[in-house]
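Data block for final-v6.cif (mmCIF, C-alpha atoms and all ligand atoms):
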```cif
data_coords
#
loop_
_atom_site.label_atom_id
_atom_site.label_comp_id
_atom_site.auth_asym_id
_atom_site.auth_seq_id
_atom_site.Cartn_x
_atom_site.Cartn_y
_atom_site.Cartn_z
CA MET A 1 -78.06 39.90 57.08
CA PRO A 2 -76.72 37.64 54.27
CA LEU A 3 -78.25 38.25 50.86
CA ASN A 4 -79.90 34.85 50.54
CA ARG A 5 -81.61 35.33 53.91
CA ARG A 6 -82.74 38.83 52.91
CA LEU A 7 -84.17 37.41 49.66
CA ALA A 8 -85.94 34.66 51.55
CA LEU A 9 -87.40 37.19 53.97
CA GLY A 10 -88.54 39.42 51.12
CA ALA A 11 -90.17 36.47 49.39
CA ALA A 12 -91.89 35.52 52.63
CA LEU A 13 -93.23 39.06 53.07
CA LEU A 14 -94.50 39.12 49.50
CA ALA A 15 -96.08 35.78 50.12
CA VAL A 16 -97.94 37.13 53.14
CA VAL A 17 -99.21 40.09 51.12
CA ALA A 18 -100.26 37.82 48.27
CA ALA A 19 -102.01 35.49 50.68
CA ALA A 20 -103.90 38.31 52.35
CA ALA A 21 -105.35 39.66 49.10
CA PRO A 22 -107.93 36.99 48.32
CA VAL A 23 -109.22 37.08 51.89
CA SER A 24 -109.94 40.80 51.91
CA ALA A 25 -111.43 40.53 48.43
CA ALA A 26 -113.80 37.83 49.60
CA PRO A 27 -114.79 38.59 53.18
CA ALA A 28 -117.43 35.89 53.16
CA ALA A 29 -114.67 33.38 52.54
CA ALA A 30 -114.59 31.87 55.97
CA GLY A 31 -116.17 34.17 58.49
CA ALA A 32 -114.79 36.45 61.17
CA ALA A 33 -112.05 34.13 62.36
CA ALA A 34 -110.71 33.61 58.84
CA LEU A 35 -106.96 33.59 58.73
CA VAL A 36 -104.58 32.69 56.00
CA THR A 37 -101.41 32.05 57.88
CA ARG A 38 -99.07 31.79 54.95
CA SER A 39 -99.11 31.83 51.21
CA GLU A 40 -100.20 28.51 49.83
CA LYS A 41 -98.84 29.64 46.49
CA ALA A 42 -95.19 30.31 47.35
CA ALA A 43 -92.96 27.40 46.36
CA PRO A 44 -91.85 25.82 49.65
CA PRO A 45 -88.42 24.25 50.01
CA ALA A 46 -88.29 20.55 49.14
CA PRO A 47 -89.07 18.51 52.25
CA PRO A 48 -86.41 16.29 53.83
CA ALA A 49 -86.09 12.79 52.35
CA ALA A 50 -88.53 10.19 53.63
CA ASP A 51 -87.16 7.76 56.23
CA LEU A 52 -88.41 4.23 55.63
CA GLN A 53 -87.20 2.90 58.95
CA ALA A 54 -89.14 5.65 60.66
CA LEU A 55 -92.14 4.75 58.50
CA VAL A 56 -92.01 1.13 59.67
CA GLN A 57 -91.58 2.34 63.26
CA ALA A 58 -94.73 4.46 62.95
CA LEU A 59 -96.62 1.43 61.59
CA ARG A 60 -95.32 -0.77 64.42
CA ASN A 61 -96.39 1.86 66.93
CA THR A 62 -99.84 1.67 65.34
CA THR A 63 -100.14 -2.09 65.76
CA ALA A 64 -98.69 -1.83 69.28
CA ALA A 65 -101.52 0.60 70.02
CA GLY A 66 -104.15 -1.95 69.00
CA ALA A 67 -104.47 -2.07 65.19
CA PRO A 68 -104.32 -5.58 63.69
CA GLY A 69 -102.40 -4.17 60.71
CA ALA A 70 -101.12 -0.93 59.19
CA VAL A 71 -99.78 0.07 55.80
CA ALA A 72 -98.24 3.15 54.21
CA ARG A 73 -97.30 4.02 50.65
CA ILE A 74 -95.17 6.97 49.58
CA THR A 75 -94.88 8.25 46.03
CA GLY A 76 -92.38 10.87 45.02
CA PRO A 77 -89.56 11.75 42.68
CA GLY A 78 -87.61 8.90 44.37
CA GLY A 79 -90.21 6.36 43.26
CA VAL A 80 -92.79 4.36 45.13
CA ARG A 81 -92.12 2.86 48.54
CA SER A 82 -94.62 0.93 50.60
CA ARG A 83 -94.42 -0.85 53.91
CA ALA A 84 -96.94 -2.93 55.85
CA VAL A 85 -97.04 -4.58 59.24
CA GLY A 86 -99.50 -6.94 60.92
CA VAL A 87 -102.50 -8.58 59.29
CA ARG A 88 -105.29 -7.53 57.00
CA ASP A 89 -107.48 -10.45 58.11
CA ARG A 90 -107.35 -11.74 61.66
CA ALA A 91 -109.25 -14.92 60.79
CA THR A 92 -106.91 -16.10 58.03
CA GLY A 93 -103.77 -14.35 59.25
CA ALA A 94 -103.25 -12.87 55.76
CA PRO A 95 -100.60 -10.16 56.03
CA MET A 96 -101.46 -6.50 55.51
CA ASP A 97 -100.32 -5.31 52.11
CA ALA A 98 -100.34 -2.15 50.04
CA GLY A 99 -102.66 -3.71 47.43
CA SER A 100 -105.57 -3.84 49.86
CA ARG A 101 -108.72 -1.79 49.41
CA PHE A 102 -110.39 -0.22 52.43
CA ARG A 103 -112.96 2.36 53.48
CA ILE A 104 -111.39 5.83 53.38
CA GLY A 105 -113.99 7.62 55.53
CA SER A 106 -113.74 11.37 55.36
CA VAL A 107 -111.10 11.40 52.64
CA THR A 108 -114.35 11.11 50.67
CA LYS A 109 -114.96 14.75 51.62
CA THR A 110 -112.05 15.80 49.43
CA PHE A 111 -113.57 13.88 46.50
CA SER A 112 -116.91 15.63 47.13
CA ALA A 113 -115.24 19.04 47.39
CA VAL A 114 -113.41 18.50 44.09
CA VAL A 115 -116.65 17.62 42.32
CA LEU A 116 -118.46 20.59 43.86
CA LEU A 117 -115.67 23.02 42.97
CA GLN A 118 -115.70 21.75 39.40
CA LEU A 119 -119.40 22.64 39.33
CA VAL A 120 -118.53 26.10 40.70
CA SER A 121 -115.99 26.62 37.94
CA GLU A 122 -118.67 25.56 35.44
CA GLU A 123 -120.89 28.24 37.00
CA LYS A 124 -123.55 25.72 37.98
CA ILE A 125 -123.16 26.62 41.66
CA ARG A 126 -121.82 29.76 43.39
CA LEU A 127 -119.57 29.37 46.41
CA ASP A 128 -121.04 32.30 48.31
CA ALA A 129 -124.67 31.69 47.42
CA PRO A 130 -127.09 30.44 50.07
CA VAL A 131 -127.55 26.67 50.01
CA ASN A 132 -131.31 27.26 50.08
CA ARG A 133 -131.09 28.88 46.64
CA TYR A 134 -130.38 25.42 45.20
CA LEU A 135 -132.26 23.32 47.77
CA PRO A 136 -135.20 25.55 48.69
CA GLY A 137 -136.28 25.26 52.31
CA LEU A 138 -133.75 22.56 53.19
CA LEU A 139 -131.80 24.50 55.81
CA PRO A 140 -133.25 26.57 58.64
CA ASP A 141 -131.12 29.63 57.84
CA ASP A 142 -130.78 31.36 54.45
CA ARG A 143 -127.40 32.73 55.50
CA ILE A 144 -125.71 29.33 55.26
CA THR A 145 -123.64 29.35 52.07
CA VAL A 146 -122.04 26.63 50.00
CA ARG A 147 -118.62 27.79 51.25
CA HIS A 148 -119.78 27.42 54.85
CA LEU A 149 -120.53 23.75 54.17
CA LEU A 150 -117.16 23.05 52.56
CA SER A 151 -115.26 24.81 55.37
CA HIS A 152 -117.33 23.35 58.25
CA ARG A 153 -118.62 26.77 59.24
CA SER A 154 -122.35 26.25 58.72
CA GLY A 155 -123.17 25.59 62.37
CA LEU A 156 -125.14 22.48 61.35
CA PRO A 157 -124.70 19.91 64.13
CA ASP A 158 -123.14 16.54 63.42
CA TYR A 159 -125.82 13.85 63.68
CA THR A 160 -123.12 11.18 64.11
CA ASP A 161 -122.34 12.42 67.64
CA ALA A 162 -125.63 11.02 68.93
CA MET A 163 -125.65 8.10 66.49
CA PHE A 164 -122.31 6.74 67.72
CA ALA A 165 -122.43 7.88 71.35
CA ARG A 166 -122.26 4.15 72.16
CA THR A 167 -119.78 2.81 69.66
CA VAL A 168 -120.76 -0.81 68.94
CA PRO A 169 -124.54 -0.55 69.52
CA GLY A 170 -124.53 2.65 67.46
CA PHE A 171 -122.71 0.91 64.64
CA GLU A 172 -124.84 -2.25 64.73
CA ALA A 173 -128.00 -0.10 64.59
CA VAL A 174 -126.95 1.46 61.27
CA ARG A 175 -124.67 -1.06 59.58
CA THR A 176 -127.34 -2.34 57.19
CA LYS A 177 -129.53 0.76 57.16
CA VAL A 178 -130.14 2.87 54.07
CA PHE A 179 -130.72 6.55 54.79
CA SER A 180 -131.77 9.24 52.35
CA TYR A 181 -129.74 12.44 52.50
CA ARG A 182 -132.82 14.13 53.88
CA ASP A 183 -133.07 11.57 56.72
CA LEU A 184 -129.54 12.53 57.76
CA VAL A 185 -130.18 16.28 57.50
CA ASN A 186 -133.33 15.84 59.56
CA LEU A 187 -131.35 14.05 62.28
CA SER A 188 -129.01 17.03 62.38
CA LEU A 189 -131.81 19.58 62.48
CA LYS A 190 -133.28 17.95 65.58
CA GLU A 191 -130.35 19.40 67.51
CA PRO A 192 -129.43 23.02 68.25
CA ARG A 193 -127.05 24.63 65.82
CA THR A 194 -123.44 24.86 66.99
CA THR A 195 -122.60 28.36 65.69
CA ALA A 196 -124.08 31.18 63.65
CA PRO A 197 -123.39 30.73 59.91
CA GLY A 198 -119.74 31.52 59.19
CA ALA A 199 -118.83 32.20 62.80
CA ALA A 200 -116.50 29.32 63.59
CA TYR A 201 -115.06 26.04 62.40
CA ALA A 202 -117.01 23.06 63.75
CA TYR A 203 -116.45 19.75 61.97
CA SER A 204 -119.73 18.15 60.94
CA ASN A 205 -120.60 15.32 58.58
CA THR A 206 -123.90 17.08 57.90
CA ASN A 207 -122.06 19.66 55.79
CA PHE A 208 -120.85 17.09 53.31
CA VAL A 209 -124.18 15.29 53.20
CA VAL A 210 -125.62 18.58 51.95
CA VAL A 211 -122.69 18.88 49.52
CA GLY A 212 -123.79 15.50 48.10
CA MET A 213 -127.34 16.84 47.72
CA LEU A 214 -126.01 19.91 45.90
CA ILE A 215 -123.97 17.76 43.51
CA GLU A 216 -127.00 15.61 42.70
CA LYS A 217 -129.26 18.65 42.29
CA ALA A 218 -126.87 20.54 40.01
CA THR A 219 -125.98 17.58 37.80
CA GLY A 220 -129.13 15.47 37.89
CA HIS A 221 -126.86 12.47 38.55
CA SER A 222 -125.90 10.40 41.58
CA VAL A 223 -122.68 11.32 43.38
CA ALA A 224 -121.40 7.87 42.35
CA LYS A 225 -121.67 8.87 38.70
CA GLU A 226 -120.05 12.28 39.27
CA TYR A 227 -117.10 10.84 41.26
CA GLU A 228 -116.67 8.35 38.43
CA ARG A 229 -116.76 10.78 35.56
CA ARG A 230 -114.92 13.70 37.16
CA VAL A 231 -112.26 12.00 39.32
CA ILE A 232 -112.04 8.21 39.14
CA LYS A 233 -112.02 7.82 35.36
CA PRO A 234 -109.82 10.82 34.45
CA LEU A 235 -107.18 9.71 36.98
CA GLY A 236 -107.49 6.01 36.10
CA LEU A 237 -108.21 5.02 39.72
CA ARG A 238 -108.84 1.30 39.29
CA ASN A 239 -109.44 0.43 42.94
CA THR A 240 -111.65 3.35 43.91
CA SER A 241 -115.43 3.10 44.05
CA TYR A 242 -118.57 4.40 45.63
CA VAL A 243 -120.94 1.50 46.02
CA HIS A 244 -123.55 2.81 48.46
CA PRO A 245 -125.64 1.04 49.69
CA ALA A 246 -123.84 -2.24 48.86
CA THR A 247 -122.15 -3.59 51.99
CA ARG A 248 -119.18 -5.52 50.59
CA ILE A 249 -115.72 -4.33 49.64
CA GLU A 250 -115.05 -6.09 46.35
CA GLY A 251 -111.58 -7.33 45.35
CA PRO A 252 -108.54 -7.71 47.60
CA HIS A 253 -109.21 -5.77 50.76
CA ALA A 254 -108.36 -5.36 54.40
CA ARG A 255 -110.94 -6.36 56.97
CA GLY A 256 -111.81 -3.62 59.45
CA TYR A 257 -111.90 -4.14 63.22
CA LEU A 258 -113.75 -1.83 65.57
CA HIS A 259 -112.66 -1.43 69.20
CA PRO A 260 -115.64 -1.55 71.58
CA ASP A 261 -115.81 1.10 74.30
CA GLU A 262 -115.49 -1.54 77.01
CA ALA A 263 -111.85 -2.26 77.86
CA GLY A 264 -110.83 -5.81 76.98
CA ALA A 265 -113.95 -6.58 74.91
CA PRO A 266 -113.19 -8.44 71.65
CA LEU A 267 -112.78 -6.51 68.41
CA VAL A 268 -115.85 -6.33 66.16
CA ASP A 269 -115.34 -7.17 62.48
CA SER A 270 -116.97 -4.13 60.88
CA THR A 271 -115.91 -4.71 57.27
CA GLU A 272 -119.38 -5.08 55.76
CA GLN A 273 -121.69 -2.11 56.14
CA THR A 274 -123.67 0.28 53.94
CA VAL A 275 -121.88 3.40 55.25
CA SER A 276 -125.21 5.01 54.48
CA TRP A 277 -124.75 7.13 57.61
CA ALA A 278 -121.91 8.94 55.78
CA GLN A 279 -122.49 8.73 51.98
CA SER A 280 -120.88 11.80 50.35
CA ALA A 281 -119.24 12.59 53.71
CA GLY A 282 -117.43 9.28 53.98
CA ALA A 283 -118.42 6.21 51.92
CA VAL A 284 -115.70 5.91 49.23
CA ILE A 285 -113.53 2.78 49.01
CA SER A 286 -109.98 3.08 47.70
CA ASP A 287 -106.42 1.77 48.07
CA PRO A 288 -103.06 3.38 48.87
CA ALA A 289 -101.92 3.73 45.25
CA ASP A 290 -105.13 5.42 44.17
CA LEU A 291 -105.06 7.76 47.17
CA ASN A 292 -101.49 8.77 46.30
CA THR A 293 -102.56 9.43 42.71
CA PHE A 294 -105.57 11.43 43.88
CA THR A 295 -103.79 13.74 46.34
CA SER A 296 -100.81 14.26 44.01
CA ALA A 297 -103.12 15.10 41.09
CA LEU A 298 -105.21 17.46 43.20
CA LEU A 299 -102.26 19.42 44.61
CA GLY A 300 -100.52 19.20 41.24
CA GLY A 301 -103.42 21.15 39.74
CA ARG A 302 -104.76 18.37 37.54
CA LEU A 303 -108.29 18.24 38.95
CA LEU A 304 -109.26 21.88 39.42
CA PRO A 305 -108.54 25.20 37.75
CA ALA A 306 -106.03 27.32 39.74
CA ARG A 307 -108.73 29.64 41.08
CA MET A 308 -110.68 26.74 42.55
CA LEU A 309 -107.59 25.09 44.00
CA ASP A 310 -106.70 28.42 45.62
CA ALA A 311 -110.16 28.56 47.18
CA MET A 312 -109.72 25.02 48.47
CA LEU A 313 -106.35 25.98 49.96
CA THR A 314 -107.63 29.05 51.84
CA MET A 315 -107.17 27.73 55.33
CA THR A 316 -108.44 28.59 58.79
CA PRO A 317 -107.19 27.10 62.08
CA ALA A 318 -108.90 23.86 63.03
CA ASP A 319 -107.43 23.39 66.49
CA THR A 320 -105.58 25.20 69.22
CA THR A 321 -102.12 23.83 68.37
CA ARG A 322 -102.01 26.02 65.27
CA THR A 323 -100.62 23.08 63.33
CA ARG A 324 -103.96 21.93 61.90
CA PHE A 325 -105.98 23.91 59.39
CA TYR A 326 -109.04 23.37 57.22
CA GLY A 327 -109.70 24.76 53.75
CA LEU A 328 -112.56 23.54 51.56
CA GLY A 329 -112.78 19.77 52.06
CA LEU A 330 -109.04 19.78 52.63
CA ARG A 331 -106.83 19.74 55.71
CA ARG A 332 -103.37 21.23 56.14
CA TYR A 333 -101.00 19.81 58.75
CA ASP A 334 -97.83 21.71 59.59
CA LEU A 335 -95.23 19.10 60.47
CA SER A 336 -92.35 19.41 62.93
CA CYS A 337 -89.76 20.07 60.19
CA GLY A 338 -91.69 23.03 58.77
CA THR A 339 -93.19 21.10 55.84
CA SER A 340 -96.92 21.58 55.30
CA VAL A 341 -98.94 18.75 53.84
CA TYR A 342 -102.45 18.82 52.41
CA GLY A 343 -105.10 16.13 52.29
CA HIS A 344 -107.58 14.51 54.61
CA THR A 345 -107.95 12.00 57.38
CA GLY A 346 -110.69 9.42 57.62
CA THR A 347 -112.42 7.29 60.20
CA VAL A 348 -115.09 4.69 59.53
CA GLN A 349 -115.70 1.73 61.77
CA GLY A 350 -112.63 -0.47 61.37
CA PHE A 351 -110.44 1.88 59.36
CA TYR A 352 -108.23 4.92 59.98
CA THR A 353 -106.82 6.69 56.91
CA TYR A 354 -104.37 9.49 56.15
CA ALA A 355 -104.00 10.77 52.56
CA PHE A 356 -101.71 13.78 52.19
CA ALA A 357 -99.37 15.39 49.65
CA THR A 358 -96.93 18.27 49.51
CA ARG A 359 -98.13 21.60 48.12
CA ASP A 360 -96.70 20.79 44.68
CA GLY A 361 -98.13 17.26 44.75
CA ARG A 362 -94.69 15.76 44.09
CA ARG A 363 -94.68 13.62 47.22
CA SER A 364 -97.70 11.88 48.67
CA LEU A 365 -98.43 9.51 51.51
CA ALA A 366 -101.37 7.20 52.04
CA ALA A 367 -101.57 5.33 55.32
CA MET A 368 -104.23 3.04 56.76
CA ALA A 369 -104.76 1.04 59.93
CA ASN A 370 -107.56 -1.53 59.98
CA THR A 371 -109.02 -0.43 63.26
CA SER A 372 -110.90 2.48 64.84
CA ASN A 373 -112.28 3.82 68.11
CA ARG A 374 -108.69 3.57 69.36
CA GLY A 375 -107.29 7.12 69.40
CA ALA A 376 -103.77 5.94 70.28
CA ALA A 377 -103.62 3.87 67.09
CA ASN A 378 -104.80 6.82 65.00
CA THR A 379 -102.22 9.11 66.59
CA ALA A 380 -99.48 6.52 66.00
CA LEU A 381 -100.55 6.20 62.35
CA GLY A 382 -100.18 9.99 62.08
CA GLY A 383 -96.47 9.36 62.72
CA THR A 384 -96.22 8.15 59.12
CA LEU A 385 -96.54 11.81 58.07
CA GLU A 386 -93.40 12.74 60.03
CA ALA A 387 -91.56 9.75 58.52
CA ALA A 388 -92.69 10.45 54.97
CA PHE A 389 -92.32 14.23 54.86
CA CYS A 390 -89.78 15.07 57.60
CA GLY A 391 -87.61 11.95 57.52
CA LYS A 392 -88.13 11.67 61.25
CA LEU A 393 -88.93 8.95 63.70
CA PRO A 394 -92.25 9.72 65.31
CA ALA A 395 -91.98 10.99 68.90
CA PRO A 396 -92.61 8.20 71.40
CA ALA A 397 -96.14 8.11 72.80
CA GLY A 398 -96.56 10.68 75.56
CA ALA A 399 -93.64 12.87 74.41
CA ARG A 400 -94.25 16.54 73.68
CA GLY A 401 -94.49 17.40 70.02
CA PHE A 402 -96.46 16.86 66.89
CA THR A 403 -97.49 13.28 67.42
CA VAL A 404 -99.19 13.95 70.75
CA ALA A 405 -101.58 16.45 69.18
CA PRO A 406 -104.52 14.10 68.72
CA ALA A 407 -104.65 12.81 65.18
CA ASP A 408 -108.38 12.47 65.54
CA ALA A 409 -108.94 15.84 67.18
CA ASP A 410 -112.30 16.23 65.49
CA LEU A 411 -113.48 12.93 66.86
CA ARG A 412 -112.14 13.58 70.34
CA GLU A 413 -113.65 17.02 70.50
CA ARG A 414 -116.97 15.46 69.71
CA ASP A 415 -116.50 12.49 72.04
CA ALA A 416 -115.77 14.94 74.84
CA ARG A 417 -119.04 16.79 74.38
C1 LIG B 501 -117.97 8.31 63.22
C2 LIG B 501 -117.72 7.38 64.39
C3 LIG B 501 -116.71 8.85 62.65
C4 LIG B 501 -116.60 6.40 64.24
C5 LIG B 501 -116.92 9.94 61.62
N1 LIG B 501 -116.27 9.71 60.47
O1 LIG B 501 -117.57 10.95 61.81
C6 LIG B 501 -116.16 10.66 59.40
C7 LIG B 501 -114.66 10.93 59.35
C8 LIG B 501 -116.72 10.09 58.13
O2 LIG B 501 -113.90 10.24 58.74
N2 LIG B 501 -114.25 11.91 60.20
C9 LIG B 501 -112.90 12.03 60.68
C10 LIG B 501 -116.40 5.46 65.42
C11 LIG B 501 -112.87 12.81 61.98
C12 LIG B 501 -111.95 12.76 59.80
O3 LIG B 501 -112.31 13.69 59.11
O4 LIG B 501 -110.78 12.39 59.88
N3 LIG B 501 -116.37 6.16 66.67
C13 LIG B 501 -115.07 4.73 65.18
C14 LIG B 501 -117.31 6.03 67.61
C15 LIG B 501 -117.09 6.82 68.88
O5 LIG B 501 -118.27 5.31 67.45
N4 LIG B 501 -118.08 6.54 69.86
O6 LIG B 501 -114.06 5.12 65.76
O7 LIG B 501 -115.10 3.81 64.35
#
```
File written out as structure tokens:
Amino acid sequence: MPLNRRLALGAALLAVVAAAAPVSAAPAAAGAAALVTRSEKAAPPAPPAADLQALVQALRNTTAAGAPGAVARITGPGGVRSRAVGVRDRATGAPMDAGSRFRIGSVTKTFSAVVLLQLVSEEKIRLDAPVNRYLPGLLPDDRITVRHLLSHRSGLPDYTDAMFARTVPGFEAVRTKVFSYRDLVNLSLKEPRTTAPGAAYAYSNTNFVVVGMLIEKATGHSVAKEYERRVIKPLGLRNTSYVHPATRIEGPHARGYLHPDEAGAPLVDSTEQTVSWAQSAGAVISDPADLNTFTSALLGGRLLPARMLDAMLTMTPADTTRTRFYGLGLRRYDLSCGTSVYGHTGTVQGFYTYAFATRDGRRSLAAMANTSNRGAANTALGGTLEAAFCGKLPAPAGARGFTVAPADADLRERDAR
């Protein structure tokens, strides 16, 4: 075997050993099925150059699949590149552009996880302590820990499954509502738990509603204030805000369009809503530049001490393809070229989002389509990851490969139930 290959193999073996250590030292980390499949610390090879034509193709595929518009922005050592197709406002015909704000949905979970892990590093909260230690009597099981919430292993059911079983009526019923966190937890507790604490990954918005409660309890401040002082201000994110329960998106923004369940029914303009149904699980507003800054800073180690970032990066499989993983408020996608990217996806009515960066934070991608309840458009938007980090054209719809693994697997799993 050539020397360079032997060295690479040796490094890979060391990496496996290094990765295994924190798991055995912290068995509560993620339950019985916990698996760290590779070292998140080893320096990976630089990913292939981004392909801008492929990026535009992925965006066109997204509009062909039913999104009025789509946009992507890449930052990296090569500079900033952004591309947009279609419209951000169907009424005025205004073109989509990279300066538009939008609702980032569950990318909010990464913001909430960062704040919570800062509180852990300040010793205000312990990752493996029961949630009920901080919020006495809130949860029906003292074995549910803070880490279970952040890794979607609490077994707390997702109240949004019932809430949005019928897409447009479900949305219209909550669009101007203001829920307390406790209202949302109570909705969840009406249903049977999905797993025993720690037993398995099961994506649930309830987990990050409770994370919001923990943040407010430990700091005595609103999550809005903590996002502001711990993330938004330090990173200078000028177009990022948490305005719950205000319904408008201030400043230049894309309008969001929800696909009804009924084939052929007209799109519903869903731009204005409280997003009270999601709050700390999904109500942040941002733009592509700020999302690039956020994911690059996070993976670059500028938001959390190394120990906390390592905890966030301890991944377990999140689907059967073994290309999708979940850490603490953070996803990992393994792309077709071998590059792994870290970040989150988001879905709120009218908006699909991807915000990912390489392990070293040097390259990041933010992509958005101003539609939702249209899985094909979300999957097509996921093709921007292949373009940005693998330099590859996305596989055509229906082909075997990365892009056919549903980009919204968590939503589809739940829709199928
Ligand atoms: C709720 C329904 C979607 C959306 C949801 N969003 O749970 C959270 C999120 C905040 O972003 N999660 C995704 C609606 C999975 C993520 O982490 O990427 N769908 C829509 C329906 C289906 O109403 N009946 O598509 O707009």
Given a cut-off of 7 Å, what residues near ligand LIG 501 (chain B) show up using all atoms listed in the file, put as a PDB file with C-alpha atoms, keeping the file's coordinate frame?
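The result, written out as selection-v5.pdb:
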```pdb
ATOM      1  CA  GLY A 105    -113.990   7.620  55.530  1.00  0.00           C
ATOM      2  CA  SER A 106    -113.740  11.370  55.360  1.00  0.00           C
ATOM      3  CA  VAL A 107    -111.100  11.400  52.640  1.00  0.00           C
ATOM      4  CA  THR A 160    -123.120  11.180  64.110  1.00  0.00           C
ATOM      5  CA  PHE A 164    -122.310   6.740  67.720  1.00  0.00           C
ATOM      6  CA  ALA A 165    -122.430   7.880  71.350  1.00  0.00           C
ATOM      7  CA  ARG A 166    -122.260   4.150  72.160  1.00  0.00           C
ATOM      8  CA  THR A 167    -119.780   2.810  69.660  1.00  0.00           C
ATOM      9  CA  VAL A 168    -120.760  -0.810  68.940  1.00  0.00           C
ATOM     10  CA  GLY A 170    -124.530   2.650  67.460  1.00  0.00           C
ATOM     11  CA  PHE A 171    -122.710   0.910  64.640  1.00  0.00           C
ATOM     12  CA  ASN A 205    -120.600  15.320  58.580  1.00  0.00           C
ATOM     13  CA  LEU A 258    -113.750  -1.830  65.570  1.00  0.00           C
ATOM     14  CA  ALA A 278    -121.910   8.940  55.780  1.00  0.00           C
ATOM     15  CA  ALA A 281    -119.240  12.590  53.710  1.00  0.00           C
ATOM     16  CA  GLY A 282    -117.430   9.280  53.980  1.00  0.00           C
ATOM     17  CA  HIS A 344    -107.580  14.510  54.610  1.00  0.00           C
ATOM     18  CA  THR A 345    -107.950  12.000  57.380  1.00  0.00           C
ATOM     19  CA  GLY A 346    -110.690   9.420  57.620  1.00  0.00           C
ATOM     20  CA  THR A 347    -112.420   7.290  60.200  1.00  0.00           C
ATOM     21  CA  VAL A 348    -115.090   4.690  59.530  1.00  0.00           C
ATOM     22  CA  GLN A 349    -115.700   1.730  61.770  1.00  0.00           C
ATOM     23  CA  GLY A 350    -112.630  -0.470  61.370  1.00  0.00           C
ATOM     24  CA  SER A 372    -110.900   2.480  64.840  1.00  0.00           C
ATOM     25  CA  ASN A 373    -112.280   3.820  68.110  1.00  0.00           C
ATOM     26  CA  ARG A 374    -108.690   3.570  69.360  1.00  0.00           C
ATOM     27  CA  ASP A 408    -108.380  12.470  65.540  1.00  0.00           C
ATOM     28  CA  ASP A 410    -112.300  16.230  65.490  1.00  0.00           C
ATOM     29  CA  LEU A 411    -113.480  12.930  66.860  1.00  0.00           C
ATOM     30  CA  ASP A 415    -116.500  12.490  72.040  1.00  0.00           C
TER      31      ASP A 415
END
```
Interatomic distance between atom CA of A:Glu272 and atom CA of A:Tyr352?
15.6 Å
Using all atoms listed in the file, which residue out of A:Ser286, A:Glu262, A:Val243, A:Phe351 lies closest to A:Asn378?
A:Phe351
Smallest atom-to-atom distance to A:Pro245: which of A:Gly155, A:Ala94, A:Ser280, A:Ile125, using only C-alpha atoms?
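Using only C-alpha atoms, the shortest distance to A:Pro245 belongs to A:Ser280.
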Atom CA of A:Arg133 to atom CA of A:Thr206, straight-line distance in Å
17.8 Å
